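Take a look at the structure set out below.
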Amino acid sequence: NDARIGHGVDVAFAETGYDGSGTTVAIIDTGLDGNHSSLDDQDDDPMTNDPKILGFYDVVNAPDVTNGTIFPYDDQGHGSHCGGTTAGTGAPTYEHPGMAPQAHLVGVKVLDSGGSGSFSGVMAGMQWTIDTMHQYNTRIASMSLGGPGPIEWTSSEEDSVNRQANRMVGAGIALYIAAGNSAGPATIGTPGSAEDVITVGALDKDTTIAEYSSEGPSTEGKIKPNIAYMGSSIMSVAYNTGDQYTAMSGTSMATPGAAGVGALMLQANPDLSPFDIRNIMQETATYRWCTYPLSPEQVTLAGNQPCAEDLIPNNRQNNVYGHGHVNSLEAVIEAAEYNQQYSFNANISLSVSENEFLNGSVLLGPGSSFEIDLNQGIDNVQWMSNDLRDEWHNLHSYNNQEVAILTYENIVKELQLLEGTILHGNHVLSIRGLDGATSSPLISVDIVLTEEVIIDIKKSDESSINYVVYGSVFAAIILSILLVVAFMNNDSDKEAIHQRDTDIEEVVEAEIVE
């Protein structure tokens with residue numbers, strides 16, 4: 001995948017192991033093809049039940065079904081391509097994985113089979129994403145759509161897509177929006193011109209700006225876009241083909257790629273706010289002059305006028321590239337250490353055994369727990385829910401060993417303090433190890449909390465074996481005593497008689513059945 005290489009996503013994965021696990025990205029578009037091999041499940045194993053797409057809302061054809069249970073579909077293809085760019089696994093050949101292949105998706109269909117929709121429908125989809133964000137752990141959204149900027153001048157506040165976009169960000173969702181494909185100055189429309197969103201321009205494969213990529217300023221005079229990401233000839237999901245891929249170009253393709261990097265950053269640090277994500281991506285980007293690859297001086301020598309923003313000393317944003325070319329590794333490392341008292345330490349590693357999982361999640365009920373394996377003894381182990389309102393919790397039972405145990409009771413005690421949280425259901429935990437002033441890479445664990453007591457099958461089998469063994473010994477002892485008693489009370493003229501003991505008979509019968 002050229003975009004993964006061009007923006008260093010492959011290097012970020014190699015150095016940190018982050019693949020989007022524990023994050024959820026909403027794709028607000030034409031839908032998602034839930035039958036495609038890249039989008040159907042997380043582990044590409046048809047025998048498991050671990051869907052990649054956690055929920056789906058169809059504003060176009062079923063606006064009243066808001067519980068997210070409609071099977072995801074796409075009758076146009078644009079949304080599926082975007083979803084694959086963000087979080088597709090790349091199956092079956094794995095030549096074209098997304099930026100965050102282990103991130104989950106939520107599909108919000110706001111555009112019809114012709115790729116069109118109303119702003120009221122788009123806003124309804126955006127509001128549903130806000131309303132369900134805690135249910136699905138949706139902290140990032142990608143929206144590759146838009147309309148003419150001047151429409152905002154005549155829209156009432158409740159009809160303003162820009163204001164709705166800002167409300168999404170205020171609710172805690174980092175919102176990536178395509179700049180548009182109109183080319184030329186002042187062509188970024190709504191909602192890409194919204195102040196708080198991350199507006200994405202498109203790059204060609206050589207990392208120069210694509211000729212079609214819309215430029216700022218916005219109709220309100222704001223410098224846009226915010227960042228630039230590769231968007232030309234991007235290979236991703238070909239909808240309704242089962243397992244095929246196709247190339248598409250546009251800022252629509254750049255936007256979900258950048259959103260995938262945002263998912264990696266959020267995996268590295270669940271404490272990040274949408275503004276943190278935006279600022280880190282901007283500050284770690286490689287700045288490009290408007291006239292890149294030519295410098296302003298070279299442009300002037302050629303007899304042309306450089307853009308005004310590039311003449312500002314130490315400028316860090318212009319209306320062509322925004323803050324520049326996204327650098328994934330730098331953004332992820334900065335995210336991992338942002339506002340933290342610990343520096344990143346790749347030498348400490350944590351893991352959870354595959355044996356703890358059922359269909360991609362750890363199932364926990366009263367009295368149950370799971371183990372976290374460490375490659376070395378360290379000072380402390382901490383965990384937190386990926387809900388933005390949560391904070392890090394010390395695992396007090398940990399004592400510098402190479403195994404830590406997190407219990408159902410540990411988790412419930414903290415989660416029940418988060419107002420409005422549905423306690424029993426799906427949650428995502430982040431876990432880290434601390435040693436001195438350093439922190440391990442975070443691991444993300446999907447869990448399911450239930451009120452039912454969970455029987456550990458492995459331990460249950462061991463207990464059953466012990467029961468049979470000890471039961472057999474006990475039965476043999478009782479039987480021997482009975483025989484001795486019978487013998488002592490027997491003489492040549494009488495038959496040995498003993499009182500019928502049904503409890504002993506039950507023990508003997510239990511020992512026989514294997």
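Convention: chains lettered A, B, ... in structure tokens order; per-chain residue numbering from 1; ligands numbered from 1 as shown.
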Strand (DSSP E or B) residues, from DSSP on the backbone, in segment 75-303 of chain A, as a ChimeraX atom specification: /A:104-109,138-143,147,174-178,190,198-203,209,227-230,234-237,245-248,286
Would you pick out the contacts of Asn49 of chain A at 12 Å or less, using only C-alpha atoms, so that residues sharing its chain but fewer than 3 positions from it are not included, and give the list as an NGL selection string? :A and (40-46 or 52-54 or 357-361)
Please report, as a PDB file with C-alpha atoms, in the first residue's frame, each residue of segment 56-258 of chain A to which DSSP assigns helix (DSSP H, G or I) when run on this structure's backbone.
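Output contents, as saved in part.pdb:
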ATOM      1  CA  HIS A  78     -17.390   5.142  -2.193  1.00  0.00           C
ATOM      2  CA  GLY A  79     -17.872   4.470   1.521  1.00  0.00           C
ATOM      3  CA  SER A  80     -16.489   0.924   1.346  1.00  0.00           C
ATOM      4  CA  HIS A  81     -13.352   2.178  -0.383  1.00  0.00           C
ATOM      5  CA  CYS A  82     -12.918   4.778   2.357  1.00  0.00           C
ATOM      6  CA  GLY A  83     -13.548   2.232   5.111  1.00  0.00           C
ATOM      7  CA  GLY A  84     -10.965  -0.114   3.614  1.00  0.00           C
ATOM      8  CA  THR A  85      -8.407   2.693   3.485  1.00  0.00           C
ATOM      9  CA  THR A  86      -8.933   3.416   7.164  1.00  0.00           C
ATOM     10  CA  ALA A  87      -9.226  -0.041   8.668  1.00  0.00           C
ATOM     11  CA  PHE A 119     -27.524  18.172   4.459  1.00  0.00           C
ATOM     12  CA  SER A 120     -30.337  17.297   6.849  1.00  0.00           C
ATOM     13  CA  GLY A 121     -29.551  13.617   6.308  1.00  0.00           C
ATOM     14  CA  VAL A 122     -25.843  14.213   6.788  1.00  0.00           C
ATOM     15  CA  MET A 123     -26.520  16.060  10.032  1.00  0.00           C
ATOM     16  CA  ALA A 124     -28.801  13.244  11.235  1.00  0.00           C
ATOM     17  CA  GLY A 125     -25.974  10.784  10.640  1.00  0.00           C
ATOM     18  CA  MET A 126     -23.535  13.026  12.478  1.00  0.00           C
ATOM     19  CA  GLN A 127     -25.920  13.303  15.434  1.00  0.00           C
ATOM     20  CA  TRP A 128     -26.378   9.509  15.565  1.00  0.00           C
ATOM     21  CA  THR A 129     -22.596   9.152  15.675  1.00  0.00           C
ATOM     22  CA  ILE A 130     -22.492  11.473  18.685  1.00  0.00           C
ATOM     23  CA  ASP A 131     -25.396   9.697  20.394  1.00  0.00           C
ATOM     24  CA  MET A 133     -20.132   7.205  20.616  1.00  0.00           C
ATOM     25  CA  HIS A 134     -19.916   5.614  24.071  1.00  0.00           C
ATOM     26  CA  GLN A 135     -21.722   2.484  22.911  1.00  0.00           C
ATOM     27  CA  TYR A 136     -19.222   1.840  20.121  1.00  0.00           C
ATOM     28  CA  ILE A 151     -24.530  27.778   1.648  1.00  0.00           C
ATOM     29  CA  GLU A 152     -23.380  28.394   5.206  1.00  0.00           C
ATOM     30  CA  TRP A 153     -24.176  32.078   4.808  1.00  0.00           C
ATOM     31  CA  THR A 154     -27.866  31.374   4.355  1.00  0.00           C
ATOM     32  CA  GLU A 157     -27.738  27.658  13.151  1.00  0.00           C
ATOM     33  CA  GLU A 158     -29.697  24.405  13.428  1.00  0.00           C
ATOM     34  CA  ASP A 159     -29.185  23.763   9.698  1.00  0.00           C
ATOM     35  CA  VAL A 161     -23.333  21.477   8.831  1.00  0.00           C
ATOM     36  CA  ASN A 162     -20.232  23.386   9.940  1.00  0.00           C
ATOM     37  CA  ARG A 163     -21.708  23.951  13.381  1.00  0.00           C
ATOM     38  CA  GLN A 164     -22.758  20.316  13.606  1.00  0.00           C
ATOM     39  CA  ALA A 165     -19.194  19.332  12.712  1.00  0.00           C
ATOM     40  CA  ASN A 166     -17.862  21.540  15.486  1.00  0.00           C
ATOM     41  CA  ARG A 167     -20.373  19.983  17.884  1.00  0.00           C
ATOM     42  CA  MET A 168     -19.032  16.525  17.013  1.00  0.00           C
ATOM     43  CA  VAL A 169     -15.525  17.646  17.868  1.00  0.00           C
ATOM     44  CA  GLY A 170     -16.757  19.225  21.079  1.00  0.00           C
ATOM     45  CA  ALA A 171     -18.392  15.924  22.029  1.00  0.00           C
ATOM     46  CA  THR A 251      -9.385  14.034  -1.269  1.00  0.00           C
ATOM     47  CA  SER A 252     -12.047  11.435  -0.423  1.00  0.00           C
ATOM     48  CA  MET A 253      -9.278   8.829  -0.449  1.00  0.00           C
ATOM     49  CA  ALA A 254      -6.806  11.012   1.461  1.00  0.00           C
ATOM     50  CA  THR A 255      -9.220  11.696   4.322  1.00  0.00           C
ATOM     51  CA  PRO A 256      -9.795   8.118   5.569  1.00  0.00           C
ATOM     52  CA  GLY A 257      -6.050   7.492   5.317  1.00  0.00           C
ATOM     53  CA  ALA A 258      -5.350  10.384   7.665  1.00  0.00           C
TER      54      ALA A 258
END
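Distances here use only C-alpha atoms; by that measure, the residue among A:Ala178, A:Asp435, A:Asp58, A:Tyr338 closest to Pro270 of chain A is A:Tyr338.
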So how far away is atom CA of Leu364 of chain A from atom CA of Val352 of chain A, in Å?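 Atom CA of Val352 of chain A sits 14.2 Å away from atom CA of Leu364 of chain A.
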Skip Asp446 of chain A itself and residues of its chain fewer than 4 positions away, then list as number ranges by chain all residues within 7 Å of it, counting only C-alpha atoms. A: 22, 361-362, 427-429
Residues near Asn315 of chain A, anyone? I mean within 12 Å using only C-alpha atoms, not counting same-chain ones fewer than 5 positions away, as a PyMOL selection string. chain A and resi 223+283+287-290+307-310+322-324
What lies within 6 Å of Ala26 of chain A using only C-alpha atoms, ignoring chain neighbours under 3 positions off, as a PyMOL selection string? chain A and resi 105-107+141
Could the residues in this selection be written to a file with N, CA and C atoms, as a PDB file, in the first residue's frame?
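selection_22.pdb written:
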ATOM      1  N   LEU A 105     -14.949  -0.367  12.851  1.00  0.00           N
ATOM      2  CA  LEU A 105     -15.655   0.651  12.085  1.00  0.00           C
ATOM      3  C   LEU A 105     -17.112   0.727  12.524  1.00  0.00           C
ATOM      4  N   VAL A 106     -17.692   1.901  12.329  1.00  0.00           N
ATOM      5  CA  VAL A 106     -19.131   2.102  12.417  1.00  0.00           C
ATOM      6  C   VAL A 106     -19.548   2.732  11.093  1.00  0.00           C
ATOM      7  N   GLY A 107     -20.567   2.179  10.464  1.00  0.00           N
ATOM      8  CA  GLY A 107     -21.015   2.700   9.179  1.00  0.00           C
ATOM      9  C   GLY A 107     -22.219   3.612   9.337  1.00  0.00           C
ATOM     10  N   ALA A 141     -14.001  10.087  13.310  1.00  0.00           N
ATOM     11  CA  ALA A 141     -14.935   9.954  12.196  1.00  0.00           C
ATOM     12  C   ALA A 141     -14.286  10.497  10.934  1.00  0.00           C
TER      13      ALA A 141
END
For atom CA of Ala335 of chain A and atom CA of His7 of chain A, determine how far apart the two atoms are, in Å to one decimal place.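 So the two atoms, atom CA of Ala335 of chain A and atom CA of His7 of chain A, lie 16.0 Å apart.
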Can you build me a table of segment 337-404 of chain A residues sitting at most 12 Å from segment 442-445 of chain A, with the closest atom pair per residue and its distance in Å to one decimal, using only C-alpha atoms, sorted by chain and residue number, as JSON lines?
{"residue": "A:Glu337", "atom": "CA", "partner": "A:Leu442", "partner_atom": "CA", "distance": 11.4}
{"residue": "A:Phe344", "atom": "CA", "partner": "A:Leu442", "partner_atom": "CA", "distance": 9.7}
{"residue": "A:Asn345", "atom": "CA", "partner": "A:Leu442", "partner_atom": "CA", "distance": 10.3}
{"residue": "A:Ala346", "atom": "CA", "partner": "A:Leu442", "partner_atom": "CA", "distance": 9.9}
{"residue": "A:Ile348", "atom": "CA", "partner": "A:Leu442", "partner_atom": "CA", "distance": 10.0}
{"residue": "A:Ser349", "atom": "CA", "partner": "A:Leu442", "partner_atom": "CA", "distance": 8.6}
{"residue": "A:Leu350", "atom": "CA", "partner": "A:Ile443", "partner_atom": "CA", "distance": 6.8}
{"residue": "A:Ser351", "atom": "CA", "partner": "A:Ile443", "partner_atom": "CA", "distance": 7.0}
{"residue": "A:Val352", "atom": "CA", "partner": "A:Val445", "partner_atom": "CA", "distance": 8.1}
{"residue": "A:Ser353", "atom": "CA", "partner": "A:Val445", "partner_atom": "CA", "distance": 10.9}
{"residue": "A:Glu354", "atom": "CA", "partner": "A:Val445", "partner_atom": "CA", "distance": 11.1}
{"residue": "A:Glu356", "atom": "CA", "partner": "A:Val445", "partner_atom": "CA", "distance": 10.4}
{"residue": "A:Phe357", "atom": "CA", "partner": "A:Val445", "partner_atom": "CA", "distance": 9.4}
{"residue": "A:Leu358", "atom": "CA", "partner": "A:Val445", "partner_atom": "CA", "distance": 11.9}
{"residue": "A:Gly360", "atom": "CA", "partner": "A:Val445", "partner_atom": "CA", "distance": 8.8}
{"residue": "A:Ser361", "atom": "CA", "partner": "A:Val445", "partner_atom": "CA", "distance": 7.2}
{"residue": "A:Val362", "atom": "CA", "partner": "A:Val445", "partner_atom": "CA", "distance": 7.5}
{"residue": "A:Leu363", "atom": "CA", "partner": "A:Val445", "partner_atom": "CA", "distance": 10.9}
{"residue": "A:Phe370", "atom": "CA", "partner": "A:Val445", "partner_atom": "CA", "distance": 10.7}
{"residue": "A:Glu371", "atom": "CA", "partner": "A:Val445", "partner_atom": "CA", "distance": 11.5}
{"residue": "A:Ile372", "atom": "CA", "partner": "A:Ile443", "partner_atom": "CA", "distance": 9.9}
{"residue": "A:Asp373", "atom": "CA", "partner": "A:Ile443", "partner_atom": "CA", "distance": 11.1}
{"residue": "A:Leu374", "atom": "CA", "partner": "A:Ile443", "partner_atom": "CA", "distance": 11.3}
{"residue": "A:Val381", "atom": "CA", "partner": "A:Leu442", "partner_atom": "CA", "distance": 10.7}
{"residue": "A:Gln382", "atom": "CA", "partner": "A:Leu442", "partner_atom": "CA", "distance": 9.8}
{"residue": "A:Trp383", "atom": "CA", "partner": "A:Leu442", "partner_atom": "CA", "distance": 9.3}
{"residue": "A:Met384", "atom": "CA", "partner": "A:Ser444", "partner_atom": "CA", "distance": 9.8}
{"residue": "A:Ser385", "atom": "CA", "partner": "A:Ser444", "partner_atom": "CA", "distance": 9.5}
{"residue": "A:Asn386", "atom": "CA", "partner": "A:Ser444", "partner_atom": "CA", "distance": 8.9}
{"residue": "A:Trp392", "atom": "CA", "partner": "A:Leu442", "partner_atom": "CA", "distance": 11.9}
Give one line per residue of segment 1-88 of chain A that approaches segment 205-216 of chain A to at most 9 Å, naming the two atoms of the closest pair and their distance in Å to one decimal, counting only C-alpha atoms; sort by chain then ascending residue number and deliver it as JSON lines.
{"residue": "A:Asp2", "atom": "CA", "partner": "A:Lys205", "partner_atom": "CA", "distance": 7.5}
{"residue": "A:Ala3", "atom": "CA", "partner": "A:Lys205", "partner_atom": "CA", "distance": 8.0}
{"residue": "A:Gly6", "atom": "CA", "partner": "A:Lys205", "partner_atom": "CA", "distance": 7.7}
Output for the residues just chosen: C-alpha atoms as a short mmCIF file (atom, residue, chain, number, x, y, z; two decimals), in the first residue's frame:
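Result went into out_5.cif, see below:
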data_model
loop_
_atom_site.label_atom_id
_atom_site.label_comp_id
_atom_site.auth_asym_id
_atom_site.auth_seq_id
_atom_site.Cartn_x
_atom_site.Cartn_y
_atom_site.Cartn_z
CA ASP A 2 1.70 3.18 -1.25
CA ALA A 3 0.03 5.45 1.29
CA GLY A 6 4.59 7.15 1.85
#
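Checking A:Val332, A:Leu423, A:Met230, A:Val9 one by one against Ile277 of chain A, counting only C-alpha atoms, you find the shortest gap at A:Val332.
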Atom-to-atom span, atom CA of Thr219 of chain A and atom CA of Pro191 of chain A, Å: 11.3 Å
